[in-house]
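Here the structure is laid out as structure tokens; the discussion comes afterwards.
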Amino acid sequence: MRIRQSIACAIAALAAALAPAAHAQLGGWEPTKTVEFIVPAGTGGGADQMARLIDAIIKKNNLMKQPMVVVNKGGGAGAEGFLDIKNAKGDPHKIIITLSNLFTTPLATGVPFNWKDLTPVAMLALDQFILWVPADTPYKTAKEYIDAVKAAGPGKFKMGGTGSKQEDEIITVALEKQTGTKFTYIPYKGGGEVATQLVGKHVDSTVNNPIEAVSQWRAGQLRPLCVFDDQRLVYRGKVTETMAWSDIPTCKEAGVDIDYLMLRGIFMAPGVTEAQRNYYVALLKKVRETPEWKDFMEKGAFNQTALIGDDYRAWLQKEEQRHYQLMKEAGFLAPGK
Amino acid sequence: MEEINSLLHGFAVALTPFNLMLMLVGVVLGVLIGVLPGLGGANGVAILLPLTFTMPPTSAIIMLSCIYWGALFGGAITSILFNIPGEPWSVATTFDGYPLAQKGRAGHALTAAFTSSFIGALIAVVVITFLSPVVARFALKFGPPEYFAVYFLTFAAFVGMSKGQAWKTIASMMIGFALAAVGLDSVTGQLRLTFGFTELLQGFDFLIAVIGLFGIGEILLTLEEGLAFKGANARLNVKAVMETWRELPRYWLTSLRSSAVGCFMGIVPGGATPASFMAYGVAKRFSKDGERFGTGQVEGVVAPETAAHAAGTSALLPMLTLGVPGSPTAAVLLGGLLIWGLQPGPMLFVEQKDFVWGLIASMYLGNIAGLVVVLTTVPLFAAILRIPFSIIAPVILVVCAIGAYTVHTSMFDVWLMLVFGVVGYVFKKLDYPLAPLVLALVLGDRAESSFRQALLGSQGDLAIFFSNALVGGIMTLGILLLVWPLVSAGLTRLRKAA
């Protein structure tokens with residue numbers, strides 16, 4: 001039963017037929033049927049947006065002969081998608097994009113999968129996290145805000161975030177540990193919702209990704225206090241009338257030494273060949289060279305670190321350890337982990 | 001009137017031959033997507049999204065939103081003809097639409113559904129055109145307690161409406177809540193009720209349950225009753241359309257109420273599905289013929305369809321102004337905006353006037369195109385009922401199976417659908433209502449998380465649900481609707497005693 005694929009395939013083939021056909025020839029292996037691009041999250045979120053952008057870039061620039069179809073498998077905090085690709089051993093026609101739930105979901109829920117069960121292809125970028133408050137609050141710096149949280153006492157300030165025991169809550173707990181504060185963390189279903197709840201002042205602050213809150217920032221509804229990274233963002237173009245991404249101080253400058261970046265990377269099923277993996281490495285390299293990709297990176301103020309091969313593996317190894325530590329300290333580990 | 005000028009400018013943008021063609025293509029594709037259960041509007045739009053990448057953004061959103069309108073229209077078709085909701089928001093349409101079809105009035109039911117959809121959408125578009133800044137500010141007032149109040153109101157509006165014994169309604173609703181609780185608990189991040197089965201991680205999908213409970217359940221019943229569709233004598237002429245149109249003005253108040261419910265739920269954003277249920281419940285409560293709802297009342301088709309379409313249309317407003325999608329399809333469209341280089345949110349109306357007003361103008365035009373397309377298909381669809389059951393039943397079964405498979409591309413869901421089919425059959429045999437189960441399944445999860453988010457914020461203090469006029473007002477309205485049957489029964493008794 002591959003009916004969905006065939007419907008999608010037919011439509012995608014139509015799309016391919018409509019576009020002028022001039023495919024780049026690549027050496028070695030090439031897909032021989034529709035490639036399924038799994039998003040282990042719901043529609044509309046950061047990972048979904050990126051996957052759909054990649055799909056669109058590939059189609060627009062005819063980077064692949066076979067059609068591609070983006071499929072959302074976000075059940076069980078992404079476990080649905082990860083298990084699907086883990087069980088597709090040796091299938092080169094499936095790729096998956098990750099968010100931090102690659103590490104957090106197995107640790108928090110005990111669902112049996114690990115990045116080592118998959119074949120790492122490439123890190124595309126890293127997503128930043130920024131501490132946001134509503135623009136009409138008096139807090140101009142992270143320090144002022146943290147002081148206010150401290151003064152108000154434990155649990156008085158509300159931090160909104162995406163999901164439970166995932167990146168946003170991990171950062172919140174790290175922030176609490178560093179500053180000796182205590183927030184009431186309120187989990188929502190998606191980053192867009194979180195930003196709106198902050199504008200409506202149903203929560204006091206958030207740690208949204210840049211792309212999730214940039215629009216409200218530009219509209220003068222939200223104020224960025226600090227970015228959870230060692231260095232400032234590199235984008236110097238003005239986003240609002242007075243500020244660029246690079247004007248946002250790091251949290252370290254404000255005395256809160258937390259750096260947390262979220263992986264936006266691509267994996268394949270286990271047991272694929274080297275040639276098959278290389279095909280996607282080359283494909284994604286071409287994607288990253290397009291102007292559309294560069295534009296998207298700047299809009300979302302992404303950290304454009306990109307890794308492949310052993311460097312990527314080493315990074316993953318390190319991040320897995322770090323997430324284990326962070327989640328252990330926060331008490332988020334599933335029993336037996 | 002600045003809005004009128006902008007709108008006229010929007011029409012100028014939207015009214016090119018290329019865009020008009022895209023509208024028609026979009027509507028036809030949308031209707032097809034709506035007819036196939038499982039392949040929902042969100043999936044359809046997602047699959048077709050890359051097609052639009054080479055178009056100008058305005059043309060692209062016009063085509064995609066027309067797919068969305070088409071899917072909203074199309075969802076009603078299978079609900080009425082076969083008791084299989086093509087889309088979640090057409091579940092409530094089956095309650096009276098299917099009995100109408102069984103009485104040989106499928107043409108009337110379809111016409112009423114399509115026309116009401118159109119009216120609902122039109123009212124919603126007018127709201128968007130003139131009130132978008134106000135409405136966007138209003139939507140910002142909604143935090144977790146307010147969301148819970150809205151879900152509570154939906155349940156309350158719906159609870160008293162089921163026929164038969166109250167405890168059967170409650171039992172059915174509780175099963176729905178239990179099913180909704182399976183999967184990941186979004187508040188604690190823990191898995192619940194999965195018993196170690198990885199297939200249950202994503203919980204029970206509403207669509208699979210509905211396809212099974214309604215579609216397969218109905219086929220099983222028909223099998224038992226002797227392999228005949230009762231709607232076989234459906235009249236096929238265009239007269240049905242005219243007759244229905246003469247009848248519809250009688251239900252103006254229901255239309256108006258349902259549009260209000262729909263716009264409210266779309267903007268909040270609660271979504272089209274709860275809107276349709278709420279509107280049906282409200283219409284039943286306030287209609288003169290409320291007692292006869294569920295036996296094939298045109299009014300019972302008008303209410304949910306008007307509300308669903310009004311909600312579906314107004315759901316685009318929070319997407320455009322706040323960047324928060326009011327429905328899954330709006331979420332995919334949101335992704336589209338980013339791909340075309342547009343940032344949804346408060347600045348869109350300021351910076352992308354052509355795009356926004358072109359889209360709003362296309363809402364008017366797309367819905368007119370949609371109405372024309374679907375009305376011409378009424379005789380065609382009504383004619384399907386003339387096909388012998390022995391031929392159509394296997395076809396329905398296959399379509400249902402494809403639909404269930406499509407939801408997660410998983411064979412497990414097809415088995416699940418069959419299990420739900422048997423459950424649906426047993427429910428009907430034992431005279432348990434299915435609607436409360438479906439309602440609890442679709443809203444249980446969201447109601448629960450808003451409730452718990454609200455209590456997290458208030459440190460467990462229940463007074464949060466009456467902490468301001470907005471949430472308190474909605475809660476009070478809900479409680480009133482809930483106890484209204486008791487009150488009115490009490491009043492009747494008092495009057496009799498006097």
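Residues are named by chain letter and number: chains run A, B, ... in the order of the structure tokens, numbers start at 1 in each chain, and ligands are numbered from 1 in the order shown.
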
All alpha helix (DSSP H) positions in stretch 58-260 of chain B, as a PyMOL selection string: chain B and resi 58-82+91-102+106-140+144-159+166-180+206-210+217-224+239-247+252-260

Neighbour list for A:Asp136 as a ChimeraX atom specification, cut-off 10 Å, only C-alpha atoms, skip fewer than 6 positions in-chain: /A:199,220-223

Please report as a tab-separated table every residue of chain A lying within 6 Å of chain B, along with the nearest atom pair and their distance in Å (one decimal), using only C-alpha atoms.
```
residue	atom	partner	partner_atom	distance
A:Arg4	CA	B:Thr406	CA	5.5
A:Ala15	CA	B:Leu51	CA	5.4
A:Thr43	CA	B:Ala331	CA	5.9
A:Gly44	CA	B:Ala331	CA	4.8
A:Gln49	CA	B:Gly335	CA	5.3
A:Leu53	CA	B:Ile339	CA	5.7
A:Ala56	CA	B:Pro50	CA	5.3
A:Gly75	CA	B:Gln202	CA	3.9
A:Gly76	CA	B:Leu201	CA	4.8
A:Thr109	CA	B:Gln190	CA	5.7
A:Ser164	CA	B:Gly189	CA	4.7
A:Lys165	CA	B:Gly189	CA	5.9
A:Ile186	CA	B:Gln453	CA	6.0
A:Pro187	CA	B:Val187	CA	5.9
A:Gly192	CA	B:Val324	CA	5.4
A:Glu193	CA	B:Val324	CA	5.7
A:Gly200	CA	B:Leu140	CA	4.8
A:His202	CA	B:Gly143	CA	5.6
A:Ser215	CA	B:Gly345	CA	5.4
A:Ala219	CA	B:Met347	CA	5.8
```

Output for the residues just chosen: N, CA and C atoms as a short mmCIF file (atom, residue, chain, number, x, y, z; two decimals), in the first residue's frame:
```cif
data_model
loop_
_atom_site.label_atom_id
_atom_site.label_comp_id
_atom_site.auth_asym_id
_atom_site.auth_seq_id
_atom_site.Cartn_x
_atom_site.Cartn_y
_atom_site.Cartn_z
N ARG A 4 -0.79 6.87 -0.77
CA ARG A 4 -0.53 8.29 -0.55
C ARG A 4 0.65 8.75 -1.38
N ALA A 15 4.05 18.56 -11.18
CA ALA A 15 4.82 19.76 -10.86
C ALA A 15 6.13 19.76 -11.64
N THR A 43 2.67 20.71 11.23
CA THR A 43 2.79 21.68 10.15
C THR A 43 2.93 23.07 10.74
N GLY A 44 3.71 23.90 10.07
CA GLY A 44 3.79 25.32 10.45
C GLY A 44 4.92 25.68 11.39
N GLN A 49 8.78 24.45 8.33
CA GLN A 49 9.07 25.55 7.41
C GLN A 49 10.35 25.28 6.64
N LEU A 53 10.80 24.65 2.65
CA LEU A 53 11.66 25.55 1.89
C LEU A 53 12.67 24.74 1.06
N ALA A 56 10.98 23.24 -1.81
CA ALA A 56 10.69 24.24 -2.84
C ALA A 56 11.96 24.63 -3.60
N GLY A 75 3.74 12.77 15.70
CA GLY A 75 3.13 12.12 16.87
C GLY A 75 4.16 11.76 17.93
N GLY A 76 3.75 11.82 19.20
CA GLY A 76 4.64 11.44 20.30
C GLY A 76 5.90 12.28 20.32
N THR A 109 10.80 10.35 27.11
CA THR A 109 9.68 9.40 27.02
C THR A 109 10.13 7.95 27.07
N SER A 164 6.81 20.22 26.28
CA SER A 164 7.21 19.97 27.64
C SER A 164 8.46 19.10 27.63
N LYS A 165 9.42 19.44 28.47
CA LYS A 165 10.69 18.72 28.56
C LYS A 165 11.42 18.75 27.23
N ILE A 186 4.87 27.34 31.18
CA ILE A 186 3.60 26.93 30.57
C ILE A 186 3.84 26.43 29.16
N PRO A 187 3.59 25.14 28.91
CA PRO A 187 3.87 24.58 27.59
C PRO A 187 2.73 24.82 26.60
N GLY A 192 4.63 29.76 17.11
CA GLY A 192 3.83 30.90 16.72
C GLY A 192 2.82 31.25 17.81
N GLU A 193 2.22 30.20 18.38
CA GLU A 193 1.25 30.40 19.45
C GLU A 193 1.92 31.04 20.67
N GLY A 200 -0.06 38.96 23.89
CA GLY A 200 -1.29 39.13 24.67
C GLY A 200 -1.04 39.14 26.17
N HIS A 202 -0.21 36.82 28.24
CA HIS A 202 -0.67 35.68 29.03
C HIS A 202 0.52 34.98 29.67
N SER A 215 8.46 38.82 13.52
CA SER A 215 7.39 39.66 13.01
C SER A 215 6.81 40.56 14.11
N ALA A 219 6.98 44.67 14.57
CA ALA A 219 5.75 45.44 14.77
C ALA A 219 5.79 46.21 16.08
#
```

Within 10 Å of stretch 471-476 of chain B using only C-alpha atoms, minus same-chain residues under 6 positions, as an MDAnalysis selection string: chainID B and resid 141:153 156 463:465 482

Residues from the last selection, C-alpha atoms, saved as a PDB file, in the first residue's frame:
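Result file selection09.pdb:
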```
ATOM      1  CA  LYS B 141      -7.041  38.576  24.694  1.00  0.00           C
ATOM      2  CA  PHE B 142      -7.311  34.798  24.496  1.00  0.00           C
ATOM      3  CA  GLY B 143      -5.076  32.954  26.899  1.00  0.00           C
ATOM      4  CA  PRO B 144      -5.487  29.442  28.279  1.00  0.00           C
ATOM      5  CA  PRO B 145      -8.494  30.185  30.552  1.00  0.00           C
ATOM      6  CA  GLU B 146     -10.371  31.834  27.696  1.00  0.00           C
ATOM      7  CA  TYR B 147      -9.633  28.913  25.381  1.00  0.00           C
ATOM      8  CA  PHE B 148     -10.905  26.474  27.960  1.00  0.00           C
ATOM      9  CA  ALA B 149     -14.047  28.567  28.395  1.00  0.00           C
ATOM     10  CA  VAL B 150     -14.676  28.362  24.646  1.00  0.00           C
ATOM     11  CA  TYR B 151     -14.280  24.569  24.619  1.00  0.00           C
ATOM     12  CA  PHE B 152     -16.483  24.323  27.683  1.00  0.00           C
ATOM     13  CA  LEU B 153     -19.111  26.366  25.877  1.00  0.00           C
ATOM     14  CA  ALA B 156     -22.236  22.711  26.997  1.00  0.00           C
ATOM     15  CA  ALA B 463     -11.042  31.334  40.169  1.00  0.00           C
ATOM     16  CA  ILE B 464      -8.957  32.010  37.044  1.00  0.00           C
ATOM     17  CA  PHE B 465     -11.970  30.904  34.996  1.00  0.00           C
ATOM     18  CA  LEU B 482     -25.726  23.293  30.306  1.00  0.00           C
TER      19      LEU B 482
END
```

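With only C-alpha atoms as the atoms that count, the residue of A:Leu102, A:Cys226, A:Met68, A:Leu284 with the shortest distance to A:Gly255 is A:Cys226.
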
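Taking only C-alpha atoms, the non-local environment of B:Phe427 within 9 Å (same-chain residues fewer than 6 positions away omitted) comprises B:Ser172, B:Leu213, B:Gly217, B:Pro433, B:Leu434.
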
Kindly save the residues from that selection, with N, CA and C atoms included, as a PDB file, in the first residue's frame.
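Result file follows (out-v2.pdb):
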```pdb
ATOM      1  N   SER B 172     -20.803   7.776  26.221  1.00  0.00           N
ATOM      2  CA  SER B 172     -20.181   7.949  24.912  1.00  0.00           C
ATOM      3  C   SER B 172     -19.122   9.051  24.966  1.00  0.00           C
ATOM      4  N   LEU B 213     -16.197   4.908  12.489  1.00  0.00           N
ATOM      5  CA  LEU B 213     -17.462   4.955  13.231  1.00  0.00           C
ATOM      6  C   LEU B 213     -18.634   5.247  12.311  1.00  0.00           C
ATOM      7  N   GLY B 217     -19.241   1.805   9.922  1.00  0.00           N
ATOM      8  CA  GLY B 217     -20.410   1.452  10.738  1.00  0.00           C
ATOM      9  C   GLY B 217     -21.688   1.472   9.913  1.00  0.00           C
ATOM     10  N   PRO B 433     -25.414   7.298  21.289  1.00  0.00           N
ATOM     11  CA  PRO B 433     -25.097   8.333  20.292  1.00  0.00           C
ATOM     12  C   PRO B 433     -23.592   8.395  20.017  1.00  0.00           C
ATOM     13  N   LEU B 434     -23.234   8.590  18.763  1.00  0.00           N
ATOM     14  CA  LEU B 434     -21.813   8.661  18.381  1.00  0.00           C
ATOM     15  C   LEU B 434     -21.253  10.076  18.514  1.00  0.00           C
TER      16      LEU B 434
END
```

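For the set A:Thr242, A:Leu225, A:Ala88, A:Gln304, the residue with the smallest atom-to-atom gap to A:Glu144 is A:Leu225, counting only C-alpha atoms.
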
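With only C-alpha atoms taken into account, the protein and nucleic acid residues at most 12 Å from B:His9 (excluding it and anything under 4 positions from it in its own chain) are Glu2, Glu3, Ile4, Asn5, Val13, Ala14, Leu15, Lys353, Asp354, Phe355, Val356, Trp357, Gly358, Leu359, Ile360, Ala361 and Ser362 of chain B.
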
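The closest residue to A:Pro134, picked from A:Ile97, A:Ala195, A:Ile146, A:Ala275 and counting only C-alpha atoms, is A:Ala195.
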
Within 7 Å of A:Met123, counting only C-alpha atoms, which residues show up once you throw out same-chain ones fewer than 6 positions away? Write them as a PDB file with C-alpha atoms, in the first residue's frame, please.
```
ATOM      1  CA  ARG A 264      18.606  21.668  12.040  1.00  0.00           C
ATOM      2  CA  GLY A 265      20.135  18.638  10.407  1.00  0.00           C
ATOM      3  CA  ILE A 266      19.292  15.841   7.989  1.00  0.00           C
ATOM      4  CA  ALA A 306      27.177  23.388   8.574  1.00  0.00           C
ATOM      5  CA  LEU A 307      28.906  20.088   9.224  1.00  0.00           C
ATOM      6  CA  ILE A 308      29.158  16.737   7.470  1.00  0.00           C
ATOM      7  CA  TYR A 312      28.919  16.099  12.304  1.00  0.00           C
TER       8      TYR A 312
END
```

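Here the question is which of A:Val227, A:Ile95, A:Val194, A:Val111 gets nearest to A:Tyr260 using only C-alpha atoms, and that residue is A:Val227.
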
Residue among B:Asp431, B:Leu481, B:Phe130, B:Thr222 lying closest to B:Phe286, counting only C-alpha atoms: B:Leu481

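Going from atom CA of A:Leu316 to atom CA of A:Thr172 covers 22.2 Å.
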